[in-house]
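This is structure_2.txt (compact mmCIF, C-alpha atoms and all ligand atoms).
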```
# COMPACT_ATOMS: atom_id res chain seq x y z
CA MET Y 30 -18.27 -34.14 -46.27
CA THR Y 31 -15.39 -35.96 -44.57
CA ALA Y 32 -12.47 -34.05 -43.12
CA SER Y 33 -10.22 -35.61 -45.77
CA SER Y 34 -12.03 -33.95 -48.65
CA GLN Y 35 -11.79 -30.47 -47.16
CA LYS Y 36 -8.98 -28.16 -48.20
CA ARG Y 37 -7.89 -26.30 -45.12
CA THR Y 38 -5.49 -23.61 -43.99
CA VAL Y 39 -2.84 -25.28 -41.85
CA LEU Y 40 -0.50 -23.30 -39.61
CA ILE Y 41 2.73 -25.19 -38.80
CA SER Y 42 5.41 -24.04 -36.36
CA GLY Y 43 8.89 -25.32 -37.12
CA ALA Y 44 8.07 -25.86 -40.79
CA SER Y 45 11.59 -24.96 -41.94
CA ALA Y 46 13.12 -28.35 -41.06
CA GLY Y 47 12.59 -31.96 -40.08
CA ILE Y 48 9.13 -33.16 -39.09
CA GLY Y 49 7.41 -29.80 -39.58
CA ARG Y 50 8.82 -29.52 -43.08
CA ALA Y 51 7.60 -33.01 -43.97
CA CYS Y 52 4.12 -32.16 -42.60
CA ALA Y 53 4.11 -28.95 -44.65
CA LEU Y 54 5.01 -30.72 -47.90
CA MET Y 55 2.56 -33.59 -47.35
CA LEU Y 56 -0.34 -31.29 -46.52
CA ALA Y 57 0.46 -28.89 -49.37
CA GLN Y 58 0.57 -31.83 -51.80
CA ARG Y 59 -2.91 -32.80 -50.57
CA GLY Y 60 -4.35 -29.46 -51.60
CA ASN Y 61 -4.18 -27.54 -48.33
CA THR Y 62 -2.76 -24.06 -47.84
CA VAL Y 63 0.16 -24.14 -45.41
CA LEU Y 64 1.23 -21.16 -43.29
CA ALA Y 65 4.85 -22.06 -42.60
CA MET Y 66 6.59 -20.72 -39.49
CA GLY Y 67 10.29 -20.78 -38.58
CA ARG Y 68 13.16 -18.34 -38.14
CA ARG Y 69 15.17 -19.26 -41.25
CA MET Y 70 13.77 -17.47 -44.28
CA ASP Y 71 16.09 -19.35 -46.67
CA ALA Y 72 14.86 -22.73 -45.40
CA LEU Y 73 11.23 -21.62 -45.66
CA GLN Y 74 11.83 -20.39 -49.22
CA SER Y 75 13.37 -23.74 -50.10
CA LEU Y 76 10.27 -25.48 -48.69
CA ALA Y 77 7.99 -23.23 -50.75
CA SER Y 78 9.98 -23.96 -53.90
CA GLU Y 79 9.46 -27.73 -53.46
CA ALA Y 80 5.71 -27.53 -52.77
CA PRO Y 81 2.92 -27.01 -55.32
CA ALA Y 82 2.93 -23.39 -56.51
CA GLY Y 83 1.14 -21.03 -54.14
CA SER Y 84 0.46 -23.68 -51.49
CA ILE Y 85 2.98 -22.39 -48.91
CA GLU Y 86 2.80 -18.96 -47.30
CA ILE Y 87 5.88 -17.97 -45.31
CA LEU Y 88 5.55 -16.47 -41.83
CA ALA Y 89 9.18 -16.07 -40.72
CA GLY Y 90 10.00 -15.14 -37.15
CA ASP Y 91 11.08 -16.25 -33.69
CA LEU Y 92 8.39 -17.84 -31.52
CA ASN Y 93 9.93 -16.21 -28.48
CA ASP Y 94 9.41 -12.72 -29.97
CA ALA Y 95 6.00 -11.39 -28.86
CA SER Y 96 5.96 -8.74 -31.61
CA TYR Y 97 6.20 -11.50 -34.24
CA LEU Y 98 3.08 -13.16 -32.87
CA ASP Y 99 1.26 -9.80 -32.83
CA ARG Y 100 2.21 -9.20 -36.49
CA ILE Y 101 0.68 -12.48 -37.65
CA ASP Y 102 -2.48 -12.54 -35.55
CA ALA Y 103 -4.64 -12.29 -38.69
CA ASP Y 104 -3.01 -15.51 -39.88
CA PHE Y 105 -3.94 -17.25 -36.63
CA ALA Y 106 -7.53 -16.16 -37.28
CA ARG Y 107 -7.66 -17.94 -40.65
CA SER Y 108 -6.01 -21.18 -39.52
CA ASP Y 109 -8.31 -24.20 -39.51
CA VAL Y 110 -5.52 -26.43 -38.24
CA PHE Y 111 -2.45 -25.76 -36.13
CA ILE Y 112 0.47 -28.19 -35.93
CA ASN Y 113 2.38 -27.13 -32.83
CA ASN Y 114 5.68 -28.65 -33.81
CA ALA Y 115 8.66 -26.31 -33.24
CA GLY Y 116 11.02 -27.62 -30.61
CA VAL Y 117 14.63 -27.72 -29.47
CA LEU Y 118 16.73 -30.25 -27.64
CA ARG Y 119 20.01 -30.56 -25.80
CA TYR Y 120 21.06 -33.95 -24.48
CA ALA Y 121 23.72 -34.13 -21.76
CA PRO Y 122 24.07 -35.58 -18.27
CA LEU Y 123 21.83 -33.57 -15.95
CA MET Y 124 24.79 -32.20 -14.00
CA ASP Y 125 26.42 -31.00 -17.24
CA LEU Y 126 23.38 -29.20 -18.66
CA SER Y 127 23.61 -25.47 -18.00
CA ASP Y 128 20.75 -23.52 -16.45
CA ASP Y 129 20.53 -21.70 -19.80
CA ASP Y 130 20.15 -25.02 -21.67
CA ILE Y 131 17.21 -25.96 -19.46
CA ALA Y 132 15.61 -22.50 -19.72
CA TRP Y 133 16.05 -22.51 -23.51
CA MET Y 134 14.23 -25.83 -23.86
CA PHE Y 135 11.38 -24.72 -21.58
CA GLN Y 136 11.12 -21.34 -23.37
CA THR Y 137 10.58 -22.90 -26.78
CA ASN Y 138 9.10 -26.35 -26.13
CA VAL Y 139 6.64 -25.27 -23.44
CA LEU Y 140 6.19 -21.54 -22.94
CA ALA Y 141 6.27 -20.48 -26.60
CA ALA Y 142 4.20 -23.50 -27.64
CA VAL Y 143 1.50 -22.77 -25.08
CA ARG Y 144 1.48 -19.02 -25.80
CA LEU Y 145 1.02 -19.74 -29.48
CA THR Y 146 -1.65 -22.38 -28.93
CA ARG Y 147 -3.73 -20.05 -26.75
CA ARG Y 148 -3.63 -17.36 -29.44
CA VAL Y 149 -4.65 -19.72 -32.24
CA ALA Y 150 -7.24 -21.55 -30.13
CA ARG Y 151 -9.11 -18.35 -29.28
CA HIS Y 152 -10.05 -18.00 -32.95
CA MET Y 153 -10.99 -21.68 -33.24
CA VAL Y 154 -13.22 -21.41 -30.19
CA ALA Y 155 -14.94 -18.38 -31.70
CA ARG Y 156 -15.57 -20.33 -34.91
CA GLN Y 157 -16.52 -23.49 -32.98
CA GLN Y 158 -14.18 -25.65 -35.04
CA GLY Y 159 -10.53 -26.45 -35.49
CA HIS Y 160 -7.85 -29.06 -34.92
CA ILE Y 161 -4.60 -28.68 -32.99
CA VAL Y 162 -1.81 -31.26 -33.25
CA PHE Y 163 0.87 -31.22 -30.56
CA MET Y 164 4.17 -32.79 -31.59
CA SER Y 165 5.25 -34.17 -28.24
CA SER Y 166 7.46 -37.26 -27.99
CA ILE Y 167 7.76 -40.69 -26.46
CA ALA Y 168 9.78 -38.59 -23.98
CA ALA Y 169 6.46 -37.10 -22.81
CA ARG Y 170 5.73 -40.31 -20.91
CA GLU Y 171 9.16 -41.83 -20.31
CA VAL Y 172 12.46 -40.47 -19.05
CA TYR Y 173 15.89 -41.32 -20.38
CA ARG Y 174 19.45 -40.91 -19.19
CA LEU Y 175 21.06 -37.79 -20.76
CA ALA Y 176 17.66 -36.34 -21.77
CA SER Y 177 16.29 -35.03 -18.48
CA GLY Y 178 15.57 -31.43 -19.47
CA TYR Y 179 14.04 -32.39 -22.79
CA CYS Y 180 11.87 -35.11 -21.19
CA ALA Y 181 10.64 -32.59 -18.61
CA THR Y 182 9.60 -30.16 -21.34
CA LYS Y 183 7.73 -32.85 -23.25
CA HIS Y 184 5.97 -34.09 -20.09
CA ALA Y 185 4.85 -30.49 -19.52
CA LEU Y 186 3.77 -30.01 -23.13
CA SER Y 187 1.75 -33.22 -23.01
CA ALA Y 188 0.00 -32.08 -19.82
CA PHE Y 189 -0.96 -28.87 -21.58
CA ALA Y 190 -2.14 -30.81 -24.65
CA ARG Y 191 -4.39 -33.05 -22.55
CA SER Y 192 -5.77 -30.04 -20.67
CA PHE Y 193 -6.42 -28.17 -23.90
CA ARG Y 194 -8.31 -31.23 -25.16
CA LEU Y 195 -10.57 -31.31 -22.11
CA GLU Y 196 -11.35 -27.62 -22.39
CA LEU Y 197 -11.61 -27.24 -26.16
CA GLN Y 198 -13.65 -30.28 -27.15
CA SER Y 199 -16.92 -28.66 -26.09
CA PHE Y 200 -16.15 -25.88 -28.59
CA GLY Y 201 -15.76 -28.35 -31.45
CA VAL Y 202 -11.97 -28.15 -31.45
CA LYS Y 203 -10.01 -31.43 -31.69
CA VAL Y 204 -6.64 -31.87 -29.99
CA THR Y 205 -4.27 -34.66 -31.03
CA GLU Y 206 -0.90 -35.51 -29.54
CA VAL Y 207 1.58 -37.16 -31.90
CA ALA Y 208 4.39 -38.71 -29.85
CA PRO Y 209 7.30 -40.04 -31.91
CA GLY Y 210 10.39 -41.89 -30.78
CA MET Y 211 13.69 -41.04 -32.44
CA VAL Y 212 13.40 -39.38 -35.86
CA ASP Y 213 16.24 -38.78 -38.34
CA THR Y 214 16.34 -34.95 -38.14
CA ASN Y 215 19.06 -32.48 -37.16
CA ILE Y 216 17.53 -31.72 -33.75
CA ARG Y 217 20.37 -33.47 -31.88
CA GLU Y 218 23.09 -31.51 -33.72
CA GLY Y 219 24.03 -29.37 -30.70
CA SER Y 220 24.28 -32.35 -28.34
CA ASP Y 221 27.99 -33.13 -28.53
CA HIS Y 222 28.68 -34.35 -25.00
CA PRO Y 223 30.87 -37.49 -25.22
CA ALA Y 224 28.32 -39.51 -23.22
CA VAL Y 225 25.64 -38.58 -25.74
CA ILE Y 226 27.81 -39.43 -28.73
CA ALA Y 227 28.63 -42.81 -27.17
CA ALA Y 228 24.94 -43.50 -26.49
CA MET Y 229 24.02 -42.59 -30.07
CA GLN Y 230 26.73 -44.87 -31.44
CA ALA Y 231 25.46 -47.75 -29.26
CA ARG Y 232 21.93 -47.43 -30.67
CA ARG Y 233 20.79 -50.64 -32.40
CA PHE Y 234 17.71 -49.44 -34.30
CA SER Y 235 17.02 -47.10 -37.22
CA PRO Y 236 15.23 -43.85 -36.47
CA LEU Y 237 11.85 -43.01 -37.97
CA THR Y 238 11.70 -40.70 -40.97
CA SER Y 239 10.06 -37.28 -40.80
CA GLU Y 240 7.65 -38.48 -43.49
CA GLU Y 241 6.51 -41.40 -41.30
CA VAL Y 242 5.68 -38.94 -38.52
CA ALA Y 243 4.00 -36.52 -40.92
CA GLY Y 244 1.84 -39.41 -42.12
CA ALA Y 245 0.51 -39.88 -38.59
CA ALA Y 246 -0.36 -36.19 -38.32
CA VAL Y 247 -2.16 -36.35 -41.67
CA TYR Y 248 -4.09 -39.45 -40.52
CA ALA Y 249 -5.32 -37.51 -37.47
CA LEU Y 250 -6.21 -34.43 -39.49
CA GLU Y 251 -8.15 -36.44 -42.06
CA ALA Y 252 -10.20 -38.38 -39.52
CA THR Y 253 -13.95 -38.19 -39.95
CA PRO Y 254 -15.66 -35.42 -37.95
CA ASN Y 255 -16.66 -37.55 -34.95
CA LEU Y 256 -13.31 -39.35 -34.69
CA CYS Y 257 -10.72 -37.75 -32.40
CA PRO Y 258 -7.33 -39.45 -32.45
CA ASP Y 259 -6.15 -38.30 -29.02
CA LEU Y 260 -2.68 -39.82 -28.87
CA ILE Y 261 -0.57 -41.46 -31.55
CA GLU Y 262 2.68 -42.97 -30.28
CA LEU Y 263 5.22 -43.97 -32.92
CA ARG Y 264 8.29 -46.07 -32.20
CA PRO Y 265 11.02 -47.37 -34.50
CA LEU Y 266 11.00 -51.17 -34.73
CA GLY Y 267 13.39 -52.63 -32.16
CA SER Y 268 13.67 -49.48 -30.05
CA VAL Y 269 12.18 -51.05 -26.90
N1 LIG R 301 13.69 -35.69 -34.05
C1 LIG R 301 13.23 -36.48 -33.07
O1 LIG R 301 13.84 -37.51 -32.73
C2 LIG R 301 11.94 -36.13 -32.37
C3 LIG R 301 11.28 -37.15 -31.66
C4 LIG R 301 10.10 -36.85 -31.01
C5 LIG R 301 9.59 -35.57 -31.06
N2 LIG R 301 10.26 -34.59 -31.74
C6 LIG R 301 9.67 -33.25 -31.73
O2 LIG R 301 9.28 -32.91 -33.04
C7 LIG R 301 9.37 -31.50 -33.21
C8 LIG R 301 10.18 -31.17 -34.46
O3 LIG R 301 11.48 -31.70 -34.25
P1 LIG R 301 12.50 -31.98 -35.45
O4 LIG R 301 13.23 -33.21 -35.07
O5 LIG R 301 11.82 -31.90 -36.74
O6 LIG R 301 13.50 -30.77 -35.22
P2 LIG R 301 14.35 -29.85 -36.24
O7 LIG R 301 14.59 -30.58 -37.50
O8 LIG R 301 15.50 -29.36 -35.45
O9 LIG R 301 13.33 -28.66 -36.51
C9 LIG R 301 12.95 -27.81 -35.47
C10 LIG R 301 12.07 -26.72 -36.02
O10 LIG R 301 11.70 -25.83 -34.93
C11 LIG R 301 11.94 -24.51 -35.34
N3 LIG R 301 12.28 -23.66 -34.19
C12 LIG R 301 13.10 -23.94 -33.17
N4 LIG R 301 13.19 -22.90 -32.33
C13 LIG R 301 12.40 -21.93 -32.83
C14 LIG R 301 12.08 -20.61 -32.44
N5 LIG R 301 12.59 -20.05 -31.33
N6 LIG R 301 11.23 -19.89 -33.21
C15 LIG R 301 10.71 -20.41 -34.34
N7 LIG R 301 10.97 -21.66 -34.76
C16 LIG R 301 11.81 -22.40 -34.03
C17 LIG R 301 13.09 -24.60 -36.33
O11 LIG R 301 13.05 -23.52 -37.22
P3 LIG R 301 14.22 -22.41 -37.39
O12 LIG R 301 15.51 -23.05 -37.00
O13 LIG R 301 14.12 -22.02 -38.83
O14 LIG R 301 13.78 -21.34 -36.46
C18 LIG R 301 12.76 -25.90 -37.06
O15 LIG R 301 11.87 -25.64 -38.12
C19 LIG R 301 10.00 -30.95 -31.92
O16 LIG R 301 8.99 -30.45 -31.07
C20 LIG R 301 10.65 -32.17 -31.31
O17 LIG R 301 10.76 -32.07 -29.92
C21 LIG R 301 11.41 -34.85 -32.42
```
Structure encoded using structure tokens:
Amino acid sequence: MTASSQKRTVLISGASAGIGRACALMLAQRGNTVLAMGRRMDALQSLASEAPAGSIEILAGDLNDASYLDRIDADFARSDVFINNAGVLRYAPLMDLSDDDIAWMFQTNVLAAVRLTRRVARHMVARQQGHIVFMSSIAAREVYRLASGYCATKHALSAFARSFRLELQSFGVKVTEVAPGMVDTNIREGSDHPAVIAAMQARRFSPLTSEEVAGAAVYALEATPNLCPDLIELRPLGSV
């Protein structure tokens, strides 16, 4: 049996919006059961209403709340796949980012992501199978003006992803890093520094769609058992 013909239980963090939402819909439409995480219950309910009936189970909560993770541990245990996708971003010149901005990005993009991955991976290791997809970024390998804090979090997340891969592969668990360039989501909404707005207006390429990124995650998840897509970088045409 190839991976593509299996119907699996897929846990997705940040499924209430953007890339995570597109992954959730695509995987639900392909017959999988999706455990959808995010803080906004209304957005998760809207996702569930668009997906095939019964394909989305809502697990609403804040990734930085330890009691939330304790409450859903049984759901971690039944997850065949985990898409580690939730993330936040604030662009600004480094000297204008607050300490709180930097801590907020590290809390969610790195610390919460790693805490969650360790909890899910324990169950996969016990079962000797599983697949974890890290949604990193082109910013995991490059740095940009105005994006220092975010780039640092994605470099850190990528280092964890590569370390997880080394340690988990002998337990039959695959780890894939999907690293997109700019995607047309609302993640930059809180970045209203004039230098950021000017840089966005000067951009000469069209961002990727969330569906294009979700397609890459699905490709990795549907790879045949011996094929491990380690890193998939995705760039909009004309962005380099
Ligand atoms: N958009 C891009 O250009 C781009 C490019 C490369 C990589 N990425 C990465 O792709 C991932 C998804 O980004 P996106 O663009 O789709 O962003 P988005 O549209 O802003 O969605 C972010 C998701 O993360 C969830 N989230 C944030 N903080 C959370 C918390 N404390 N607890 C629980 N959930 C939380 C949000 O859910 P709630 O608000 O409901 O909690 C939302 O579902 C991120 O890791 C991002 O860094 C994005």
Practice task
Give the residues close to ligand LIG 301 (chain R), within 8 Å, counting only C-alpha atoms and all ligand atoms; write them as a PyMOL selection string.
Solution key: chain Y and resi 42-50+66-70+72-73+89-93+113-118+137-138+141+164-168+179+183+208-217+236-237+239
Practice task
Measuring atom to atom with all atoms listed in the file, identify which of Y:Tyr97, Y:Gln74, Y:Val207, Y:Phe200 is nearest to Leu250 in chain Y.
Solution key: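 Closest to Leu250 in chain Y, using all atoms listed in the file: Y:Val207.
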Closest contacts (range 187-233 of chain Y/range 120-130 of chain Y, max 10 Å, only C-alpha atoms) as a tab-separated table:
```
residue	atom	partner	partner_atom	distance
Y:Arg217	CA	Y:Tyr120	CA	7.4
Y:Glu218	CA	Y:Tyr120	CA	9.8
Y:Gly219	CA	Y:Tyr120	CA	8.3
Y:Ser220	CA	Y:Tyr120	CA	5.3
Y:Asp221	CA	Y:Ala121	CA	8.1
Y:His222	CA	Y:Ala121	CA	5.9
Y:Pro223	CA	Y:Ala121	CA	8.6
Y:Ala224	CA	Y:Ala121	CA	7.2
Y:Val225	CA	Y:Ala121	CA	6.3
Y:Ile226	CA	Y:Ala121	CA	9.7
```
Problem - Residue neighbourhood Phe105 in chain Y, 10 Å, all atoms listed in the file, exclusion window fewer than 2 positions, as a list of chain:residue names - result: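 So, after excluding close chain neighbours, the residues are Y:Thr38, Y:Val39, Y:Leu40, Y:Leu64, Y:Leu98, Y:Asp99, Y:Ile101, Y:Asp102, Y:Ala103, Y:Arg107, Y:Ser108, Y:Asp109, Y:Val110, Y:Phe111, Y:Leu145, Y:Thr146, Y:Arg148, Y:Val149, Y:Ala150, Y:Arg151, Y:His152, Y:Met153.
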Handout entry: Separation of CA of Phe135 in chain Y from CA of Thr182 in chain Y, in Å and rounded to one decimal
Key =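 Computing it gives 5.7 Å between the two atoms.
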Once 4 Å is added on each side, what centre and edge lengths in Å to one decimal does the axis-aligned box around all listed atoms of range 81-98 of chain Y have, as JSON?
```
{"center_x": 5.8, "center_y": -17.9, "center_z": -42.5, "size_x": 18.6, "size_y": 26.3, "size_z": 36.0}
```
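Going from CA of His184 in chain Y to CA of Val204 in chain Y covers 16.2 Å.
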Exercise for the section: Rounded to one decimal place, report the CA of Met55 in chain Y-CA of Ser78 in chain Y distance in Å. Expected result: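 Computing the Euclidean distance for CA of Met55 in chain Y and CA of Ser78 in chain Y yields 13.8 Å.
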Problem - Among listed residues Y:Ala228, Y:Leu186, Y:Ala176, Y:Val247, nearest Phe163 in chain Y (using all atoms listed in the file) - result: Y:Leu186
Problem - Residues within 9 Å of (12.7, -50.7, -33.5), file coords, all atoms listed in the file, listed as a list in words - result: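 The distance filter leaves exactly Arg233, Phe234, Ser235, Pro236, Leu237, Arg264, Pro265, Leu266, Gly267, Ser268 and Val269 of chain Y.
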Practice task
Please provide the set of residues having any atom within 8 Å of Asn61 in chain Y, restricted to only C-alpha atoms, with same-chain residues fewer than 4 positions apart removed, written as a PyMOL selection string.
Solution key: chain Y and resi 36-39+56-57+84
Problem - Among listed residues Y:Ile112, Y:Leu175, Y:Ala227, Y:Ala53, nearest Ala190 in chain Y (using all atoms listed in the file) - result: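 Comparing Y:Ile112, Y:Leu175, Y:Ala227, Y:Ala53 against Ala190 in chain Y, the winner is Y:Ile112.
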